[in-house]
Structures are given as C-alpha cells and as structure tokens.
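Here is the file my_file01.pdb (PDB, C-alpha atoms and all ligand atoms).
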ATOM      1  CA  MET A   1       7.478  33.450  11.991
ATOM      2  CA  PRO A   2       4.665  32.161   9.740
ATOM      3  CA  PRO A   3       1.448  31.176  11.507
ATOM      4  CA  SER A   4       1.195  27.502  12.415
ATOM      5  CA  GLY A   5       0.589  25.266   9.415
ATOM      6  CA  THR A   6       1.773  27.631   6.676
ATOM      7  CA  GLY A   7       5.588  27.338   6.890
ATOM      8  CA  PRO A   8       7.792  24.435   5.875
ATOM      9  CA  GLN A   9       6.820  21.315   7.769
ATOM     10  CA  VAL A  10       8.005  17.746   8.088
ATOM     11  CA  VAL A  11       6.285  14.479   7.188
ATOM     12  CA  TYR A  12       7.679  11.427   8.958
ATOM     13  CA  LEU A  13       7.697   7.835   7.783
ATOM     14  CA  ILE A  14       7.259   5.780  10.932
ATOM     15  CA  GLY A  15       8.291   2.132  10.705
ATOM     16  CA  HIS A  16      10.819  -0.432  11.851
ATOM     17  CA  PRO A  17      12.911  -0.741   9.743
ATOM     18  CA  VAL A  18      12.513   2.188   7.314
ATOM     19  CA  GLY A  19      15.905   2.290   5.586
ATOM     20  CA  HIS A  20      14.834   0.530   2.379
ATOM     21  CA  SER A  21      11.822   2.800   1.726
ATOM     22  CA  LEU A  22      11.321   4.368  -1.707
ATOM     23  CA  SER A  23       8.868   6.941  -0.292
ATOM     24  CA  PRO A  24      11.357   9.693   0.745
ATOM     25  CA  ALA A  25      12.634  10.073  -2.837
ATOM     26  CA  MET A  26       9.079  10.267  -4.222
ATOM     27  CA  GLN A  27       7.637  12.646  -1.613
ATOM     28  CA  ASN A  28      10.641  14.988  -1.575
ATOM     29  CA  ALA A  29      10.498  15.134  -5.399
ATOM     30  CA  ALA A  30       6.799  15.993  -5.105
ATOM     31  CA  PHE A  31       7.391  18.814  -2.604
ATOM     32  CA  LEU A  32      10.159  20.202  -4.822
ATOM     33  CA  ALA A  33       7.999  20.022  -7.968
ATOM     34  CA  CYS A  34       5.223  21.954  -6.183
ATOM     35  CA  GLY A  35       7.587  24.589  -4.766
ATOM     36  CA  LEU A  36       6.842  23.483  -1.212
ATOM     37  CA  ALA A  37       9.662  23.604   1.354
ATOM     38  CA  HIS A  38       8.285  20.645   3.324
ATOM     39  CA  ARG A  39      10.503  17.604   3.809
ATOM     40  CA  TYR A  40       9.849  13.872   4.209
ATOM     41  CA  GLU A  41      12.014  11.970   6.680
ATOM     42  CA  PRO A  42      12.182   8.273   7.567
ATOM     43  CA  ARG A  43      12.091   7.715  11.312
ATOM     44  CA  ASP A  44      12.882   4.281  12.715
ATOM     45  CA  VAL A  45      10.544   3.757  15.685
ATOM     46  CA  ASP A  46      10.926   0.713  17.904
ATOM     47  CA  PRO A  47       7.508  -0.733  18.912
ATOM     48  CA  ALA A  48       8.268   0.186  22.534
ATOM     49  CA  ASP A  49       8.541   3.866  21.511
ATOM     50  CA  LEU A  50       5.438   4.083  19.299
ATOM     51  CA  GLU A  51       3.225   5.976  21.745
ATOM     52  CA  ALA A  52       5.854   8.683  22.325
ATOM     53  CA  ALA A  53       6.513   8.962  18.586
ATOM     54  CA  VAL A  54       2.794   9.456  17.883
ATOM     55  CA  GLY A  55       2.651  12.126  20.613
ATOM     56  CA  SER A  56       5.457  14.042  18.907
ATOM     57  CA  LEU A  57       3.400  14.247  15.679
ATOM     58  CA  ARG A  58       1.020  16.699  17.381
ATOM     59  CA  ALA A  59       3.609  19.510  17.202
ATOM     60  CA  ASP A  60       3.244  22.547  14.909
ATOM     61  CA  GLY A  61       6.170  21.673  12.653
ATOM     62  CA  VAL A  62       4.595  18.375  11.586
ATOM     63  CA  LEU A  63       2.371  18.090   8.507
ATOM     64  CA  GLY A  64       1.644  14.397   8.968
ATOM     65  CA  ALA A  65       3.123  10.937   8.592
ATOM     66  CA  ASN A  66       3.178   7.678   6.746
ATOM     67  CA  VAL A  67       3.050   4.519   8.819
ATOM     68  CA  THR A  68       4.531   1.204   7.801
ATOM     69  CA  VAL A  69       5.330  -2.256   9.186
ATOM     70  CA  PRO A  70       5.011  -3.147  12.077
ATOM     71  CA  HIS A  71       2.924  -0.198  13.341
ATOM     72  CA  LYS A  72       0.002   0.014  10.869
ATOM     73  CA  GLU A  73      -2.521  -1.850  13.033
ATOM     74  CA  ARG A  74      -1.500  -0.830  16.560
ATOM     75  CA  ILE A  75      -1.427   2.860  15.693
ATOM     76  CA  LEU A  76      -5.238   2.950  15.245
ATOM     77  CA  GLY A  77      -5.684   3.046  19.013
ATOM     78  CA  LEU A  78      -3.316   6.008  19.427
ATOM     79  CA  LEU A  79      -5.074   8.449  17.063
ATOM     80  CA  ASP A  80      -7.963  10.894  17.630
ATOM     81  CA  ALA A  81     -10.017   9.791  14.620
ATOM     82  CA  VAL A  82      -9.768   7.083  11.964
ATOM     83  CA  ALA A  83     -11.379   7.373   8.504
ATOM     84  CA  GLY A  84     -13.951   4.781   7.425
ATOM     85  CA  ASP A  85     -11.795   2.826   4.969
ATOM     86  CA  ALA A  86      -8.912   2.632   7.438
ATOM     87  CA  LEU A  87     -11.310   1.309  10.091
ATOM     88  CA  ARG A  88     -12.691  -1.367   7.748
ATOM     89  CA  ILE A  89      -9.185  -2.340   6.663
ATOM     90  CA  GLY A  90      -7.987  -2.267  10.274
ATOM     91  CA  ALA A  91      -4.793  -0.424   9.358
ATOM     92  CA  VAL A  92      -3.567   3.169   8.992
ATOM     93  CA  ASN A  93      -0.781   4.124   6.579
ATOM     94  CA  THR A  94      -1.260   7.909   6.516
ATOM     95  CA  ILE A  95      -1.709  10.414   9.353
ATOM     96  CA  VAL A  96      -2.836  14.003   8.892
ATOM     97  CA  ARG A  97      -2.360  16.512  11.707
ATOM     98  CA  GLU A  98      -5.189  19.005  12.228
ATOM     99  CA  GLY A  99      -4.229  21.294  15.091
ATOM    100  CA  THR A 100      -3.219  18.912  17.843
ATOM    101  CA  GLU A 101      -5.500  16.141  16.548
ATOM    102  CA  LEU A 102      -4.269  13.224  14.470
ATOM    103  CA  LEU A 103      -6.495  11.666  11.790
ATOM    104  CA  GLY A 104      -5.679   8.172  10.480
ATOM    105  CA  GLU A 105      -6.286   7.286   6.832
ATOM    106  CA  ASN A 106      -5.478   4.356   4.573
ATOM    107  CA  THR A 107      -4.498   4.934   0.934
ATOM    108  CA  ASP A 108      -4.144   1.242  -0.015
ATOM    109  CA  ARG A 109      -7.606   0.990  -1.542
ATOM    110  CA  GLY A 110      -7.346   4.215  -3.556
ATOM    111  CA  GLY A 111      -3.767   3.401  -4.564
ATOM    112  CA  PHE A 112      -4.784  -0.015  -5.851
ATOM    113  CA  GLU A 113      -7.748   1.398  -7.801
ATOM    114  CA  ALA A 114      -5.588   4.135  -9.366
ATOM    115  CA  ALA A 115      -2.831   1.643 -10.272
ATOM    116  CA  LEU A 116      -5.379  -0.541 -12.112
ATOM    117  CA  ARG A 117      -6.698   2.528 -13.969
ATOM    118  CA  ASP A 118      -3.146   3.640 -14.808
ATOM    119  CA  ALA A 119      -2.361   0.140 -16.182
ATOM    120  CA  ARG A 120      -5.756  -0.027 -17.966
ATOM    121  CA  VAL A 121      -6.792  -3.232 -16.184
ATOM    122  CA  ASP A 122     -10.581  -3.388 -15.870
ATOM    123  CA  VAL A 123     -11.815  -5.827 -13.216
ATOM    124  CA  ALA A 124     -15.594  -5.288 -13.507
ATOM    125  CA  GLY A 125     -17.270  -8.679 -13.875
ATOM    126  CA  LYS A 126     -13.857 -10.450 -13.998
ATOM    127  CA  ARG A 127     -12.722 -13.458 -11.956
ATOM    128  CA  VAL A 128     -10.022 -12.237  -9.580
ATOM    129  CA  LEU A 129      -7.953 -14.404  -7.237
ATOM    130  CA  VAL A 130      -6.401 -12.492  -4.329
ATOM    131  CA  LEU A 131      -3.443 -14.096  -2.553
ATOM    132  CA  GLY A 132      -3.014 -13.017   1.070
ATOM    133  CA  ALA A 133      -5.204 -12.088   4.023
ATOM    134  CA  GLY A 134      -3.402  -9.221   5.772
ATOM    135  CA  GLY A 135      -4.214  -5.506   5.763
ATOM    136  CA  ALA A 136      -3.213  -5.028   2.136
ATOM    137  CA  ALA A 137      -5.440  -7.920   1.047
ATOM    138  CA  ARG A 138      -8.388  -6.450   2.972
ATOM    139  CA  ALA A 139      -7.999  -3.075   1.216
ATOM    140  CA  ILE A 140      -7.780  -4.788  -2.164
ATOM    141  CA  VAL A 141     -10.811  -6.987  -1.545
ATOM    142  CA  ILE A 142     -12.826  -3.873  -0.639
ATOM    143  CA  ALA A 143     -11.706  -2.180  -3.878
ATOM    144  CA  LEU A 144     -12.392  -5.236  -6.045
ATOM    145  CA  ALA A 145     -15.803  -5.937  -4.541
ATOM    146  CA  ALA A 146     -16.788  -2.290  -5.109
ATOM    147  CA  SER A 147     -15.662  -2.560  -8.762
ATOM    148  CA  GLY A 148     -17.957  -5.524  -9.404
ATOM    149  CA  ALA A 149     -15.201  -8.154  -9.675
ATOM    150  CA  ARG A 150     -15.911 -11.806  -8.788
ATOM    151  CA  VAL A 151     -13.423 -12.192  -5.961
ATOM    152  CA  ALA A 152     -11.914 -15.275  -4.318
ATOM    153  CA  VAL A 153      -9.256 -15.094  -1.606
ATOM    154  CA  ALA A 154      -6.549 -17.675  -0.891
ATOM    155  CA  ASN A 155      -4.029 -17.565   1.908
ATOM    156  CA  ARG A 156      -1.117 -19.740   3.032
ATOM    157  CA  THR A 157      -2.912 -19.981   6.387
ATOM    158  CA  PRO A 158      -6.412 -20.854   5.103
ATOM    159  CA  ASP A 159      -8.300 -19.842   8.223
ATOM    160  CA  ARG A 160      -7.337 -16.176   7.746
ATOM    161  CA  ALA A 161      -8.661 -16.283   4.149
ATOM    162  CA  ARG A 162     -11.951 -17.742   5.365
ATOM    163  CA  ARG A 163     -12.373 -15.016   7.974
ATOM    164  CA  LEU A 164     -11.540 -12.244   5.496
ATOM    165  CA  ALA A 165     -13.949 -13.693   2.922
ATOM    166  CA  GLU A 166     -16.766 -13.887   5.483
ATOM    167  CA  ALA A 167     -16.156 -10.325   6.670
ATOM    168  CA  PHE A 168     -16.306  -8.866   3.150
ATOM    169  CA  GLY A 169     -18.793 -11.194   1.449
ATOM    170  CA  VAL A 170     -16.415 -12.742  -1.108
ATOM    171  CA  GLY A 171     -15.296 -16.336  -1.760
ATOM    172  CA  ALA A 172     -12.434 -18.238  -0.123
ATOM    173  CA  VAL A 173     -10.489 -20.982  -1.895
ATOM    174  CA  ALA A 174      -7.568 -23.255  -1.035
ATOM    175  CA  TRP A 175      -4.020 -22.013  -1.701
ATOM    176  CA  PRO A 176      -3.927 -22.395  -5.488
ATOM    177  CA  ASP A 177      -2.496 -25.156  -7.575
ATOM    178  CA  GLU A 178      -1.669 -24.344 -11.174
ATOM    179  CA  SER A 179      -5.205 -24.965 -12.477
ATOM    180  CA  ALA A 180      -6.679 -22.439 -10.036
ATOM    181  CA  LEU A 181      -4.650 -19.678 -11.696
ATOM    182  CA  ALA A 182      -6.867 -19.825 -14.789
ATOM    183  CA  VAL A 183      -8.745 -16.650 -13.822
ATOM    184  CA  ASP A 184      -8.738 -13.167 -15.378
ATOM    185  CA  VAL A 185      -6.550 -11.519 -12.741
ATOM    186  CA  VAL A 186      -4.291 -12.820  -9.951
ATOM    187  CA  VAL A 187      -3.325 -10.290  -7.264
ATOM    188  CA  ASN A 188      -0.330 -11.019  -5.063
ATOM    189  CA  ALA A 189      -1.328  -9.197  -1.872
ATOM    190  CA  THR A 190       1.054 -11.236   0.287
ATOM    191  CA  SER A 191       4.437  -9.876   1.324
ATOM    192  CA  ALA A 192       6.183 -12.679  -0.597
ATOM    193  CA  GLY A 193       8.573 -11.059  -3.079
ATOM    194  CA  LEU A 194      10.086  -8.511  -0.719
ATOM    195  CA  TYR A 195      13.165 -10.715  -0.348
ATOM    196  CA  GLY A 196      13.110 -12.421  -3.742
ATOM    197  CA  GLU A 197      10.485 -15.069  -2.898
ATOM    198  CA  ASP A 198       7.906 -16.165  -5.501
ATOM    199  CA  PRO A 199       4.554 -17.034  -3.866
ATOM    200  CA  LEU A 200       3.611 -19.107  -6.946
ATOM    201  CA  ALA A 201       7.010 -20.768  -7.416
ATOM    202  CA  GLY A 202       6.852 -23.814  -9.688
ATOM    203  CA  MET A 203       3.465 -22.843 -11.166
ATOM    204  CA  ALA A 204       3.105 -21.646 -14.760
ATOM    205  CA  LEU A 205       0.865 -18.629 -15.319
ATOM    206  CA  PRO A 206      -1.919 -19.094 -17.891
ATOM    207  CA  ALA A 207      -1.444 -16.874 -20.949
ATOM    208  CA  GLY A 208      -4.562 -14.747 -20.438
ATOM    209  CA  THR A 209      -4.141 -14.070 -16.721
ATOM    210  CA  ALA A 210      -3.132 -10.551 -15.711
ATOM    211  CA  VAL A 211      -0.827 -10.407 -12.692
ATOM    212  CA  VAL A 212      -1.006  -7.591 -10.160
ATOM    213  CA  ASP A 213       1.920  -7.803  -7.754
ATOM    214  CA  ILE A 214       1.622  -5.230  -4.998
ATOM    215  CA  VAL A 215       5.060  -5.913  -3.479
ATOM    216  CA  PRO A 216       6.979  -2.630  -4.021
ATOM    217  CA  THR A 217      10.621  -3.491  -4.556
ATOM    218  CA  ALA A 218      13.489  -1.572  -6.189
ATOM    219  CA  ALA A 219      14.242  -4.663  -8.299
ATOM    220  CA  GLU A 220      11.310  -6.352 -10.068
ATOM    221  CA  THR A 221       9.907  -9.280  -8.038
ATOM    222  CA  PRO A 222      10.464 -12.810  -9.449
ATOM    223  CA  LEU A 223       6.687 -13.175 -10.010
ATOM    224  CA  ALA A 224       6.357  -9.885 -11.928
ATOM    225  CA  ARG A 225       9.477 -10.634 -13.962
ATOM    226  CA  ARG A 226       8.419 -14.077 -15.124
ATOM    227  CA  ALA A 227       4.870 -12.901 -15.854
ATOM    228  CA  ARG A 228       6.249 -10.025 -17.950
ATOM    229  CA  GLU A 229       8.683 -12.339 -19.748
ATOM    230  CA  ALA A 230       5.848 -14.775 -20.511
ATOM    231  CA  GLY A 231       3.831 -11.944 -22.079
ATOM    232  CA  ASN A 232       1.173 -11.624 -19.352
ATOM    233  CA  THR A 233      -0.181  -8.184 -18.480
ATOM    234  CA  VAL A 234       1.627  -7.096 -15.287
ATOM    235  CA  VAL A 235       0.790  -4.355 -12.802
ATOM    236  CA  ASP A 236       3.981  -3.654 -10.859
ATOM    237  CA  GLY A 237       4.028  -3.044  -7.096
ATOM    238  CA  LEU A 238       5.783   0.275  -7.703
ATOM    239  CA  LEU A 239       2.723   1.525  -9.564
ATOM    240  CA  MET A 240       0.520   0.944  -6.515
ATOM    241  CA  LEU A 241       3.184   2.525  -4.296
ATOM    242  CA  LEU A 242       3.207   5.591  -6.592
ATOM    243  CA  HIS A 243      -0.559   6.041  -6.409
ATOM    244  CA  GLN A 244      -0.668   5.417  -2.648
ATOM    245  CA  ALA A 245       2.016   8.064  -2.244
ATOM    246  CA  ALA A 246       0.055  10.480  -4.466
ATOM    247  CA  ALA A 247      -3.036   9.950  -2.315
ATOM    248  CA  SER A 248      -1.051  10.612   0.875
ATOM    249  CA  PHE A 249       0.406  13.804  -0.674
ATOM    250  CA  ARG A 250      -3.131  15.012  -1.443
ATOM    251  CA  LEU A 251      -4.231  14.358   2.127
ATOM    252  CA  TRP A 252      -1.321  16.331   3.614
ATOM    253  CA  THR A 253      -1.259  19.282   1.211
ATOM    254  CA  GLY A 254      -4.787  19.496  -0.178
ATOM    255  CA  GLN A 255      -3.191  19.664  -3.641
ATOM    256  CA  ASP A 256      -3.130  17.159  -6.485
ATOM    257  CA  ALA A 257       0.144  15.269  -6.511
ATOM    258  CA  PRO A 258       2.701  15.949  -9.271
ATOM    259  CA  LEU A 259       2.458  12.353 -10.453
ATOM    260  CA  GLU A 260       5.124  12.465 -13.152
ATOM    261  CA  ALA A 261       7.734  14.009 -10.821
ATOM    262  CA  MET A 262       6.994  11.252  -8.316
ATOM    263  CA  ARG A 263       7.100   8.560 -10.997
ATOM    264  CA  ALA A 264      10.500   9.823 -12.168
ATOM    265  CA  ALA A 265      11.838   9.420  -8.608
ATOM    266  CA  LEU A 266      11.157   5.654  -8.672
ATOM    267  CA  PRO A 267      14.071   3.278  -9.338
ATOM    268  CA  ARG A 268      12.358   1.720 -12.392
ATOM    269  CA  VAL A 269      10.016   2.888 -15.139
ATOM    270  CA  VAL A 270       6.414   1.923 -14.286
TER
HETATM  271  P1  LIG A 301       0.051  -6.694   5.298
HETATM  272  O1  LIG A 301      -0.745  -6.013   6.360
HETATM  273  O2  LIG A 301       1.115  -5.833   4.691
HETATM  274  O3  LIG A 301      -0.820  -7.314   4.264
HETATM  275  P2  LIG A 301       0.464  -9.037   6.966
HETATM  276  O4  LIG A 301      -0.757  -8.768   7.742
HETATM  277  O5  LIG A 301       1.720  -9.409   7.705
HETATM  278  O6  LIG A 301       0.909  -7.828   6.032
HETATM  279  O7  LIG A 301       0.143 -10.177   5.892
HETATM  280  C1  LIG A 301       1.114 -10.777   5.136
HETATM  281  C2  LIG A 301       0.456 -11.761   4.190
HETATM  282  O8  LIG A 301       1.467 -12.367   3.357
HETATM  283  C3  LIG A 301      -0.260 -12.900   4.889
HETATM  284  O9  LIG A 301      -1.388 -13.245   4.122
HETATM  285  C4  LIG A 301       0.807 -14.019   4.841
HETATM  286  O10 LIG A 301       0.264 -15.324   4.919
HETATM  287  P3  LIG A 301      -0.027 -16.006   6.360
HETATM  288  O11 LIG A 301      -1.341 -15.435   6.816
HETATM  289  O12 LIG A 301      -0.105 -17.452   6.052
HETATM  290  O13 LIG A 301       1.122 -15.616   7.243
HETATM  291  C5  LIG A 301       1.373 -13.779   3.471
HETATM  292  N1  LIG A 301       2.715 -14.338   3.251
HETATM  293  C6  LIG A 301       3.886 -13.884   3.754
HETATM  294  N2  LIG A 301       4.934 -14.605   3.280
HETATM  295  C7  LIG A 301       4.398 -15.538   2.426
HETATM  296  C8  LIG A 301       4.941 -16.574   1.588
HETATM  297  N3  LIG A 301       6.270 -16.793   1.529
HETATM  298  N4  LIG A 301       4.086 -17.301   0.824
HETATM  299  C9  LIG A 301       2.757 -17.070   0.859
HETATM  300  N5  LIG A 301       2.169 -16.117   1.629
HETATM  301  C10 LIG A 301       2.982 -15.355   2.409
END
I need this file expressed as structure tokens, please.
Amino acid sequence: MPPSGTGPQVVYLIGHPVGHSLSPAMQNAAFLACGLAHRYEPRDVDPADLEAAVGSLRADGVLGANVTVPHKERILGLLDAVAGDALRIGAVNTIVREGTELLGENTDRGGFEAALRDARVDVAGKRVLVLGAGGAARAIVIALAASGARVAVANRTPDRARRLAEAFGVGAVAWPDESALAVDVVVNATSAGLYGEDPLAGMALPAGTAVVDIVPTAAETPLARRAREAGNTVVDGLLMLLHQAAASFRLWTGQDAPLEAMRAALPRVV
C-alpha cells in the first residue's frame, strides 16, 4: 500500500443539493489530464449531518473537499484552521486535509480576479457597481478594492449592502434604477439567474458598461445573454467557476491546474 497521501484519493463536493454541479466534470478532467488517479465526487449532505461529514474528511483516503450552499458559512466553525481571505469573507468553499487537520480556504476572490484577467477586463480606477451582499459579494468587493476600483454595492435588502460597505470601506447605493447602471462595470454577485431570473429585468444596459455575471449556469443567464446580444463586454459565470476550480485544484495537488482540459469540460465555450 502506498504511504498515506501518495495514492489515489477522493475529493468530495459537500452541498445540499449537489446534483446540478458542473465541478465533477471539470475536476475529473483535470485529474485525468495530469495523470492523477484521484476522483471528485458530489456528496449530498443534509445540514443535520454536516458535523459527521466533516469528521469523515479527516481520513487518509481524502485529499480535500469543495463546499457549497448551504454549508459555506457554518463549516468555518468545524475546521482546524481557516485562511485569512476565507475568514474575511466569512465563507469556506475549499478544504485541504493535512494529516488529520482540515484547513478552510476560499477561492472566490482569486477566481474572480483570474476571470477578469482571462476576459481582459481591467477594473483599476473604474466605477464598479456590485449587486448582492452575500459571501460571493464580499469576496468580490475585497478583490475590487484591492485592484483600485471605485466600488459601490447595492442589494435588494439595503441594510445588508450598508453593512458590507462599512465593513470593507466601499460605497453603498440604493438598488439601481436604469440610470445607476451607467458605470464602467456591473457585477451580478447575487444568486439571481440560477433559475432563469434577471436581477435587472426591465432595465436597459448602457452601451459602454461591461457586465460580469458570476452565476455559473449550464445555460447562459438571461442577463449575460441580453448583454452579449446588445454588444456589451460580458464575463460569464462559468469563467469564474473555471478559475475557482483551478485554484482549488492547486490547493489540493500543489500543481498548476490544466486549465484548458478543465475549460473543455464546461458545457459552453467561455
Ligand atoms: P452567496 O453567499 O452565494 O453570495 P447569499 O449569502 O445567499 O449567497 O446571498 C445571495 C444574494 O443574492 C443576496 O444579496 C440576495 O439579496 P438579499 O440580501 O436581499 O436576500 C441576492 N438575491 C437573491 N435572489 C435575488 C433576486 N431575485 N434579486 C435580487 N437579489 C437577489
């Protein structure tokens, strides 16, 4: 038997539900491309079973995990250590096992930054409106503020936007009307779009505004589609998902991710 940590291991995706996830196809393609015999498996974990599921990640055959809705916040308290960005964001989406210890990380910030680079969208000095005030929005605000963007946050529930803005030293504005979309970049960091909703329904997008939609869906979201059809620059949610996945792969394996093999495993070209 190989010593612990050197043989084929499993990476779990822990969420509820997990059936729709695009991550297994990407991560298994990455392991294959790198000649690694590891495998990536979705595992539906009811909230009542989260503690036991986290305990089972400490076993030798486990390389690590991804964590998704609804466990990303609660899981912080069940790990041995949490990296700085994940602490600031208040959410963990990647777990790395080191011996019997579990380290929590968050790849949202790095994934967002890499997706912008990949799409050649430069936010330095630009006016950026971020929609949403959940964990994803927090990661994105951290990334944007560090890139020198002029950031304002808007949320359907305004109080959450105000609190996020205060915590990270950016602006908060009311949920936008059409005129408020006349900025350089609008980021949809809400979950609206997952089931075909358009968070800006009924509002035209100004010609020069780039749209970053982080909702990762097999079919293009209504917001991304109409922005693309109108000729706006669009950064698709699948592109952020790809770069988040690449960052997780690096954390588990210590190797650079085979980005093109992972990209080819996505349901659309991004
Ligand atoms: P995550 O951690 O993935 O960001 P979350 O914490 O549940 O998820 O946050 C979801 C975000 O999407 C919130 O900002 C939510 O707005 P509320 O704070 O008002 O709930 C936003 N959201 C979800 N559905 C929306 C919709 N149909 N229109 C606008 N915003 C929506």
I'd like to know which of A:Arg163, A:Arg226, A:Arg268, A:Arg263 is closest to Gly134 in chain A, using all atoms listed in the file.
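Closest to Gly134 in chain A, using all atoms listed in the file: A:Arg163.
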Once the PyMOL selection byres (((chain A and resi 251) around 12) and not hetatm) has been evaluated on this model, what residues remain selected, and can you format them as JSON, numbers by chain?
{"A": [11, 63, 64, 65, 66, 83, 93, 94, 95, 96, 97, 98, 103, 104, 105, 106, 107, 244, 245, 246, 247, 248, 249, 250, 252, 253, 254, 255, 256, 257]}
Neighbouring residues of ligand LIG 301 (chain A) are defined here as those with any atom at most 6 Å from a ligand atom, counting all atoms listed in the file; list them as a CSV table (one decimal) with C-alpha atoms, in the frame of the given file.
chain,number,residue,atom,x,y,z
A,132,GLY,CA,-3.0,-13.0,1.1
A,133,ALA,CA,-5.2,-12.1,4.0
A,134,GLY,CA,-3.4,-9.2,5.8
A,135,GLY,CA,-4.2,-5.5,5.8
A,136,ALA,CA,-3.2,-5.0,2.1
A,137,ALA,CA,-5.4,-7.9,1.0
A,155,ASN,CA,-4.0,-17.6,1.9
A,156,ARG,CA,-1.1,-19.7,3.0
A,157,THR,CA,-2.9,-20.0,6.4
A,190,THR,CA,1.1,-11.2,0.3
A,191,SER,CA,4.4,-9.9,1.3
A,192,ALA,CA,6.2,-12.7,-0.6
A,199,PRO,CA,4.6,-17.0,-3.9
Shell of 8 Å around Thr221 in chain A, only C-alpha atoms, local chain residues under 3 positions omitted, as number ranges by chain
A: 193-194, 196-198, 215, 217, 224-225
Taking (-9.0, -15.1, 6.5) in the file's coordinates, which residues come within 12 Å, counting only C-alpha atoms, written as a ChimeraX atom specification?
/A:130-135,137-138,141,152-175
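The space between CA of Asp108 in chain A and CA of Gly90 in chain A spans 11.5 Å.
Between CA of Ala81 in chain A and CA of Asp60 in chain A the interatomic distance comes to 18.4 Å.
When you apply the PyMOL selection byres (((chain A and resi 211) around 10) and not hetatm) to this structure, what comes back is Val121, Val128, Leu129, Asp184, Val185, Val186, Val187, Asn188, Leu205, Gly208, Thr209, Ala210, Val212, Asp213, Ile214, Leu223, Ala224, Ala227, Arg228, Asn232, Thr233, Val234, Val235 and Asp236 of chain A.
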Check the smallest atom-to-atom distance from each of A:Tyr12, A:Ala180, A:Ala115, A:Leu57 to Arg39 in chain A using only C-alpha atoms, then report the winner.
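Nearest candidate to Arg39 in chain A out of A:Tyr12, A:Ala180, A:Ala115, A:Leu57: A:Tyr12.
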Using only the atoms of range 238-253 of chain A listed in the file, plus 8 Å on each side, state the axis-aligned box centre and edge lengths in Å rounded to one decimal, as AutoDock Vina command-line options.
--center_x 0.8 --center_y 9.8 --center_z -3.0 --size_x 26.0 --size_y 35.0 --size_z 29.2
Given all atoms listed in the file as the basis, pick out the residue of A:Ile140, A:Ala114, A:Leu13, A:Ala48 nearest to Leu242 in chain A.
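Closest to Leu242 in chain A of all the choices is A:Ala114.
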Using all atoms listed in the file, pick whichever of A:Gly7, A:Pro42, A:Pro258, A:Gly15 has the shortest atom-to-atom distance to Glu73 in chain A.
A:Gly15
